[in-house]
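*Asks:* Okay, handing you the structure first.
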Amino acid sequence: MLRLLLDTSTWLDLAKRRDGQRWIVALRVYWYQKKLDLLVPAVVIDEFERNRPRIEASMTASVSERFRLIKRDLDEYGGEDQQHALEVLDGLAYQVPLIGAMTTRNFDEIMDLLRKGQILEPTDQDRSRVVQRGLDKQAPFHRSRNSVADALMLELYA
């Protein structure tokens, strides 16, 4: 059996991917076939839920910004088919909510996978080893950015 533990940023990156369903479905199939054991530190679920609204909003803004830039380029450099291209873009703009729905689907399905995984709760011993890791300046507790959560994940996996 494959045992998989992923950091929150990896799950968020997967949720953002246009081809995310390909990976999510594969993970789900392996989980249902009992070929995959998802190890999920509780902190991953907390971070995923906390970051979800920000990521979804940025994705919608990113798509809207792309449409705006394409329209601007067509205005500046469009040739004889400029009007037709603008009409096609306007038609595509109506599909932006569908893109948002796909994003929501990815997030929902990942959250479902995380909740079905083996939830890992840190013990006092795990926390003590994290503190010792910090005192010893051992990776991943050798830098300031998110080191405590990363070190705790490492201890939980061990």
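Chain labels follow the order of the structure tokens: the first chain is A, the next B, and so on; residue numbering restarts at 1 in every chain, and ligands are counted from 1 in their shown order.
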Output as a ChimeraX atom specification all residues of segment 2-157 of chain A that backbone DSSP marks as alpha helix (DSSP H).
*Replies:* /A:8-16,20-32,42-77,82-93,96-116,124-135,147-157
*Asks:* Residues within 12 Å of segment 128-139 of chain A, please, as a PDB file with N, CA, C and O atoms, in the first residue's frame. Count only C-alpha atoms; anything in the same chain fewer than 5 positions from it doesn't count.
*Replies:*
```pdb
ATOM      1  N   PRO A 122      -1.202  15.528  16.578  1.00  0.00           N
ATOM      2  CA  PRO A 122       0.099  15.525  17.259  1.00  0.00           C
ATOM      3  C   PRO A 122      -0.040  15.217  18.751  1.00  0.00           C
ATOM      4  O   PRO A 122      -1.000  15.636  19.392  1.00  0.00           O
ATOM      5  N   THR A 123       0.929  14.481  19.257  1.00  0.00           N
ATOM      6  CA  THR A 123       0.978  14.187  20.685  1.00  0.00           C
ATOM      7  C   THR A 123       1.939  15.166  21.349  1.00  0.00           C
ATOM      8  O   THR A 123       2.649  15.923  20.671  1.00  0.00           O
ATOM      9  N   SER A 144      12.362  30.570   9.273  1.00  0.00           N
ATOM     10  CA  SER A 144      11.206  31.052  10.018  1.00  0.00           C
ATOM     11  C   SER A 144       9.866  30.771   9.342  1.00  0.00           C
ATOM     12  O   SER A 144       8.851  30.687   9.997  1.00  0.00           O
ATOM     13  N   ARG A 145       9.829  30.635   8.036  1.00  0.00           N
ATOM     14  CA  ARG A 145       8.552  30.545   7.328  1.00  0.00           C
ATOM     15  C   ARG A 145       7.888  29.183   7.510  1.00  0.00           C
ATOM     16  O   ARG A 145       8.338  28.178   6.986  1.00  0.00           O
ATOM     17  N   ASN A 146       6.800  29.151   8.249  1.00  0.00           N
ATOM     18  CA  ASN A 146       5.956  27.975   8.426  1.00  0.00           C
ATOM     19  C   ASN A 146       6.720  26.761   8.960  1.00  0.00           C
ATOM     20  O   ASN A 146       6.323  25.630   8.758  1.00  0.00           O
ATOM     21  N   SER A 147       7.815  26.989   9.612  1.00  0.00           N
ATOM     22  CA  SER A 147       8.665  25.895  10.049  1.00  0.00           C
ATOM     23  C   SER A 147       8.013  25.003  11.087  1.00  0.00           C
ATOM     24  O   SER A 147       8.220  23.798  11.076  1.00  0.00           O
ATOM     25  N   VAL A 148       7.253  25.566  12.000  1.00  0.00           N
ATOM     26  CA  VAL A 148       6.649  24.757  13.056  1.00  0.00           C
ATOM     27  C   VAL A 148       5.697  23.732  12.446  1.00  0.00           C
ATOM     28  O   VAL A 148       5.767  22.537  12.764  1.00  0.00           O
ATOM     29  N   ALA A 149       4.807  24.178  11.573  1.00  0.00           N
ATOM     30  CA  ALA A 149       3.849  23.256  10.956  1.00  0.00           C
ATOM     31  C   ALA A 149       4.577  22.206  10.122  1.00  0.00           C
ATOM     32  O   ALA A 149       4.229  21.020  10.156  1.00  0.00           O
ATOM     33  N   ASP A 150       5.593  22.614   9.367  1.00  0.00           N
ATOM     34  CA  ASP A 150       6.336  21.660   8.549  1.00  0.00           C
ATOM     35  C   ASP A 150       7.084  20.653   9.411  1.00  0.00           C
ATOM     36  O   ASP A 150       7.100  19.456   9.112  1.00  0.00           O
ATOM     37  N   ALA A 151       7.701  21.114  10.481  1.00  0.00           N
ATOM     38  CA  ALA A 151       8.421  20.209  11.375  1.00  0.00           C
ATOM     39  C   ALA A 151       7.449  19.244  12.047  1.00  0.00           C
ATOM     40  O   ALA A 151       7.753  18.058  12.208  1.00  0.00           O
ATOM     41  N   LEU A 152       6.278  19.727  12.405  1.00  0.00           N
ATOM     42  CA  LEU A 152       5.279  18.867  13.031  1.00  0.00           C
ATOM     43  C   LEU A 152       4.803  17.793  12.055  1.00  0.00           C
ATOM     44  O   LEU A 152       4.638  16.623  12.419  1.00  0.00           O
ATOM     45  N   MET A 153       4.620  18.167  10.791  1.00  0.00           N
ATOM     46  CA  MET A 153       4.230  17.191   9.773  1.00  0.00           C
ATOM     47  C   MET A 153       5.295  16.109   9.638  1.00  0.00           C
ATOM     48  O   MET A 153       4.977  14.916   9.506  1.00  0.00           O
ATOM     49  N   LEU A 154       6.547  16.509   9.658  1.00  0.00           N
ATOM     50  CA  LEU A 154       7.637  15.552   9.545  1.00  0.00           C
ATOM     51  C   LEU A 154       7.621  14.582  10.730  1.00  0.00           C
ATOM     52  O   LEU A 154       7.775  13.364  10.555  1.00  0.00           O
ATOM     53  N   GLU A 155       7.398  15.091  11.914  1.00  0.00           N
ATOM     54  CA  GLU A 155       7.339  14.243  13.112  1.00  0.00           C
ATOM     55  C   GLU A 155       6.141  13.292  13.047  1.00  0.00           C
ATOM     56  O   GLU A 155       6.244  12.138  13.424  1.00  0.00           O
ATOM     57  N   LEU A 156       5.005  13.780  12.565  1.00  0.00           N
ATOM     58  CA  LEU A 156       3.819  12.939  12.473  1.00  0.00           C
ATOM     59  C   LEU A 156       4.026  11.807  11.464  1.00  0.00           C
ATOM     60  O   LEU A 156       3.564  10.693  11.667  1.00  0.00           O
ATOM     61  N   ALA A 158       6.933  10.499  10.641  1.00  0.00           N
ATOM     62  CA  ALA A 158       7.917   9.553  11.198  1.00  0.00           C
ATOM     63  C   ALA A 158       7.224   8.601  12.154  1.00  0.00           C
ATOM     64  O   ALA A 158       7.523   7.433  12.223  1.00  0.00           O
TER      65      ALA A 158
END
```
*Asks:* Quick one: residues within 12 Å of Leu4 of chain A, only C-alpha atoms, excluding same-chain residues fewer than 2 positions away - as an MDAnalysis selection string?
*Replies:* chainID A and resid 1:2 6:7 10:11 27 30:31 35:41 113:114 117:118 157
*Asks:* Write out the residues from the selection above, keeping N, CA, C and O atoms, as an mmCIF file, in the first residue's frame.
*Replies:*
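Result written to again.cif:
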```
data_model
loop_
_atom_site.group_PDB
_atom_site.id
_atom_site.type_symbol
_atom_site.label_atom_id
_atom_site.label_comp_id
_atom_site.auth_asym_id
_atom_site.auth_seq_id
_atom_site.Cartn_x
_atom_site.Cartn_y
_atom_site.Cartn_z
ATOM 1 N N MET A 1 0.849 -1.181 0.000
ATOM 2 C CA MET A 1 0.000 0.000 0.000
ATOM 3 C C MET A 1 0.892 1.242 0.000
ATOM 4 O O MET A 1 1.894 1.301 0.699
ATOM 5 N N LEU A 2 0.472 2.212 -0.757
ATOM 6 C CA LEU A 2 1.160 3.494 -0.822
ATOM 7 C C LEU A 2 0.648 4.387 0.298
ATOM 8 O O LEU A 2 -0.560 4.536 0.471
ATOM 9 N N LEU A 6 0.921 14.788 2.129
ATOM 10 C CA LEU A 6 1.238 15.972 1.336
ATOM 11 C C LEU A 6 1.017 17.229 2.162
ATOM 12 O O LEU A 6 0.081 17.298 2.970
ATOM 13 N N ASP A 7 1.834 18.225 1.923
ATOM 14 C CA ASP A 7 1.712 19.514 2.576
ATOM 15 C C ASP A 7 0.491 20.258 2.015
ATOM 16 O O ASP A 7 0.051 20.002 0.894
ATOM 17 N N THR A 10 0.717 21.763 -1.491
ATOM 18 C CA THR A 10 0.573 20.819 -2.600
ATOM 19 C C THR A 10 -0.898 20.570 -2.907
ATOM 20 O O THR A 10 -1.304 20.542 -4.069
ATOM 21 N N TRP A 11 -1.720 20.404 -1.858
ATOM 22 C CA TRP A 11 -3.157 20.225 -2.068
ATOM 23 C C TRP A 11 -3.770 21.475 -2.706
ATOM 24 O O TRP A 11 -4.618 21.366 -3.602
ATOM 25 N N LEU A 27 -6.313 9.639 -7.333
ATOM 26 C CA LEU A 27 -6.140 9.449 -5.892
ATOM 27 C C LEU A 27 -7.365 8.787 -5.281
ATOM 28 O O LEU A 27 -7.248 7.877 -4.449
ATOM 29 N N TYR A 30 -7.492 5.015 -6.233
ATOM 30 C CA TYR A 30 -6.531 4.237 -5.438
ATOM 31 C C TYR A 30 -6.992 4.108 -3.986
ATOM 32 O O TYR A 30 -6.814 3.068 -3.366
ATOM 33 N N TRP A 31 -7.595 5.156 -3.444
ATOM 34 C CA TRP A 31 -8.082 5.102 -2.067
ATOM 35 C C TRP A 31 -9.210 4.078 -1.944
ATOM 36 O O TRP A 31 -9.222 3.266 -1.015
ATOM 37 N N LYS A 35 -5.476 0.855 -2.131
ATOM 38 C CA LYS A 35 -4.073 0.862 -2.546
ATOM 39 C C LYS A 35 -3.359 2.118 -2.059
ATOM 40 O O LYS A 35 -2.167 2.260 -2.239
ATOM 41 N N LEU A 36 -4.123 3.026 -1.453
ATOM 42 C CA LEU A 36 -3.578 4.298 -1.005
ATOM 43 C C LEU A 36 -4.080 4.599 0.392
ATOM 44 O O LEU A 36 -5.279 4.478 0.673
ATOM 45 N N ASP A 37 -3.162 4.988 1.247
ATOM 46 C CA ASP A 37 -3.507 5.435 2.594
ATOM 47 C C ASP A 37 -3.083 6.895 2.686
ATOM 48 O O ASP A 37 -1.891 7.210 2.601
ATOM 49 N N LEU A 38 -4.065 7.784 2.800
ATOM 50 C CA LEU A 38 -3.772 9.206 2.919
ATOM 51 C C LEU A 38 -3.522 9.542 4.381
ATOM 52 O O LEU A 38 -4.381 9.327 5.230
ATOM 53 N N LEU A 39 -2.346 10.059 4.667
ATOM 54 C CA LEU A 39 -2.003 10.506 6.010
ATOM 55 C C LEU A 39 -2.227 12.004 6.045
ATOM 56 O O LEU A 39 -1.606 12.751 5.291
ATOM 57 N N VAL A 40 -3.131 12.444 6.906
ATOM 58 C CA VAL A 40 -3.550 13.836 6.893
ATOM 59 C C VAL A 40 -3.389 14.455 8.284
ATOM 60 O O VAL A 40 -4.223 14.229 9.161
ATOM 61 N N PRO A 41 -2.324 15.229 8.472
ATOM 62 C CA PRO A 41 -2.217 15.964 9.731
ATOM 63 C C PRO A 41 -3.384 16.947 9.851
ATOM 64 O O PRO A 41 -3.793 17.567 8.867
ATOM 65 N N LEU A 113 -11.406 13.940 0.194
ATOM 66 C CA LEU A 113 -10.281 13.013 0.332
ATOM 67 C C LEU A 113 -9.558 13.214 1.663
ATOM 68 O O LEU A 113 -9.224 12.245 2.351
ATOM 69 N N LEU A 114 -9.315 14.473 2.009
ATOM 70 C CA LEU A 114 -8.599 14.755 3.254
ATOM 71 C C LEU A 114 -9.373 14.233 4.463
ATOM 72 O O LEU A 114 -8.790 13.644 5.378
ATOM 73 N N GLY A 117 -9.113 10.522 4.861
ATOM 74 C CA GLY A 117 -7.779 10.021 5.162
ATOM 75 C C GLY A 117 -7.610 9.736 6.640
ATOM 76 O O GLY A 117 -8.494 9.983 7.467
ATOM 77 N N GLN A 118 -6.461 9.207 6.966
ATOM 78 C CA GLN A 118 -6.122 8.925 8.362
ATOM 79 C C GLN A 118 -5.653 10.230 8.997
ATOM 80 O O GLN A 118 -4.566 10.723 8.701
ATOM 81 N N TYR A 157 4.724 12.111 10.377
ATOM 82 C CA TYR A 157 4.971 11.082 9.378
ATOM 83 C C TYR A 157 5.932 10.036 9.909
ATOM 84 O O TYR A 157 5.762 8.844 9.674
#
```
*Asks:* Excluding Glu47 of chain A and residues on its chain fewer than 4 positions from it, collect all residues at most 8 Å away from it, counting only C-alpha atoms, and give them as a list in words.
*Replies:*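 Selected residues are Thr8, Val43 and Asn51 of chain A.
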*Asks:* Which value, in Å to one decimal, gives the distance between atom CA of Ala15 of chain A and atom CA of Phe107 of chain A?
*Replies:*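 According to the coordinates, atom CA of Ala15 of chain A and atom CA of Phe107 of chain A are separated by 5.5 Å.
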*Asks:* Find, counting only C-alpha atoms, the residue in A:Ser9, A:Val88, A:Ile55, A:Gly20 that gets nearest to Ile70 of chain A.
*Replies:*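 Once distances to Ile70 of chain A are computed over only C-alpha atoms, the minimum belongs to A:Val88.
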*Asks:* As an exercise, work out the distance from atom CA of Phe48 of chain A to atom CA of Arg66 of chain A in Å and give it to one decimal place.
*Replies:*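 These atoms are spaced 25.9 Å apart.
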*Asks:* Which of these, A:His84, A:Lys71, A:Lys34, A:Arg28, has the shortest distance to Asp112 of chain A once you count only C-alpha atoms?
*Replies:*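 Among the listed residues, A:Arg28 lies closest to Asp112 of chain A.
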*Asks:* Apply DSSP to the backbone of this structure and, from segment 2-144 of chain A, keep only the residues in strand (DSSP E or B); write these as JSON, numbers by chain.
*Replies:* {"A": [2, 3, 4, 36, 37, 38, 39, 40, 41, 118, 119, 120]}
*Asks:* Atom CA of Asp90 of chain A to atom CA of Thr104 of chain A: how many Å, to one decimal?
*Replies:*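 So the answer is 23.0 Å.
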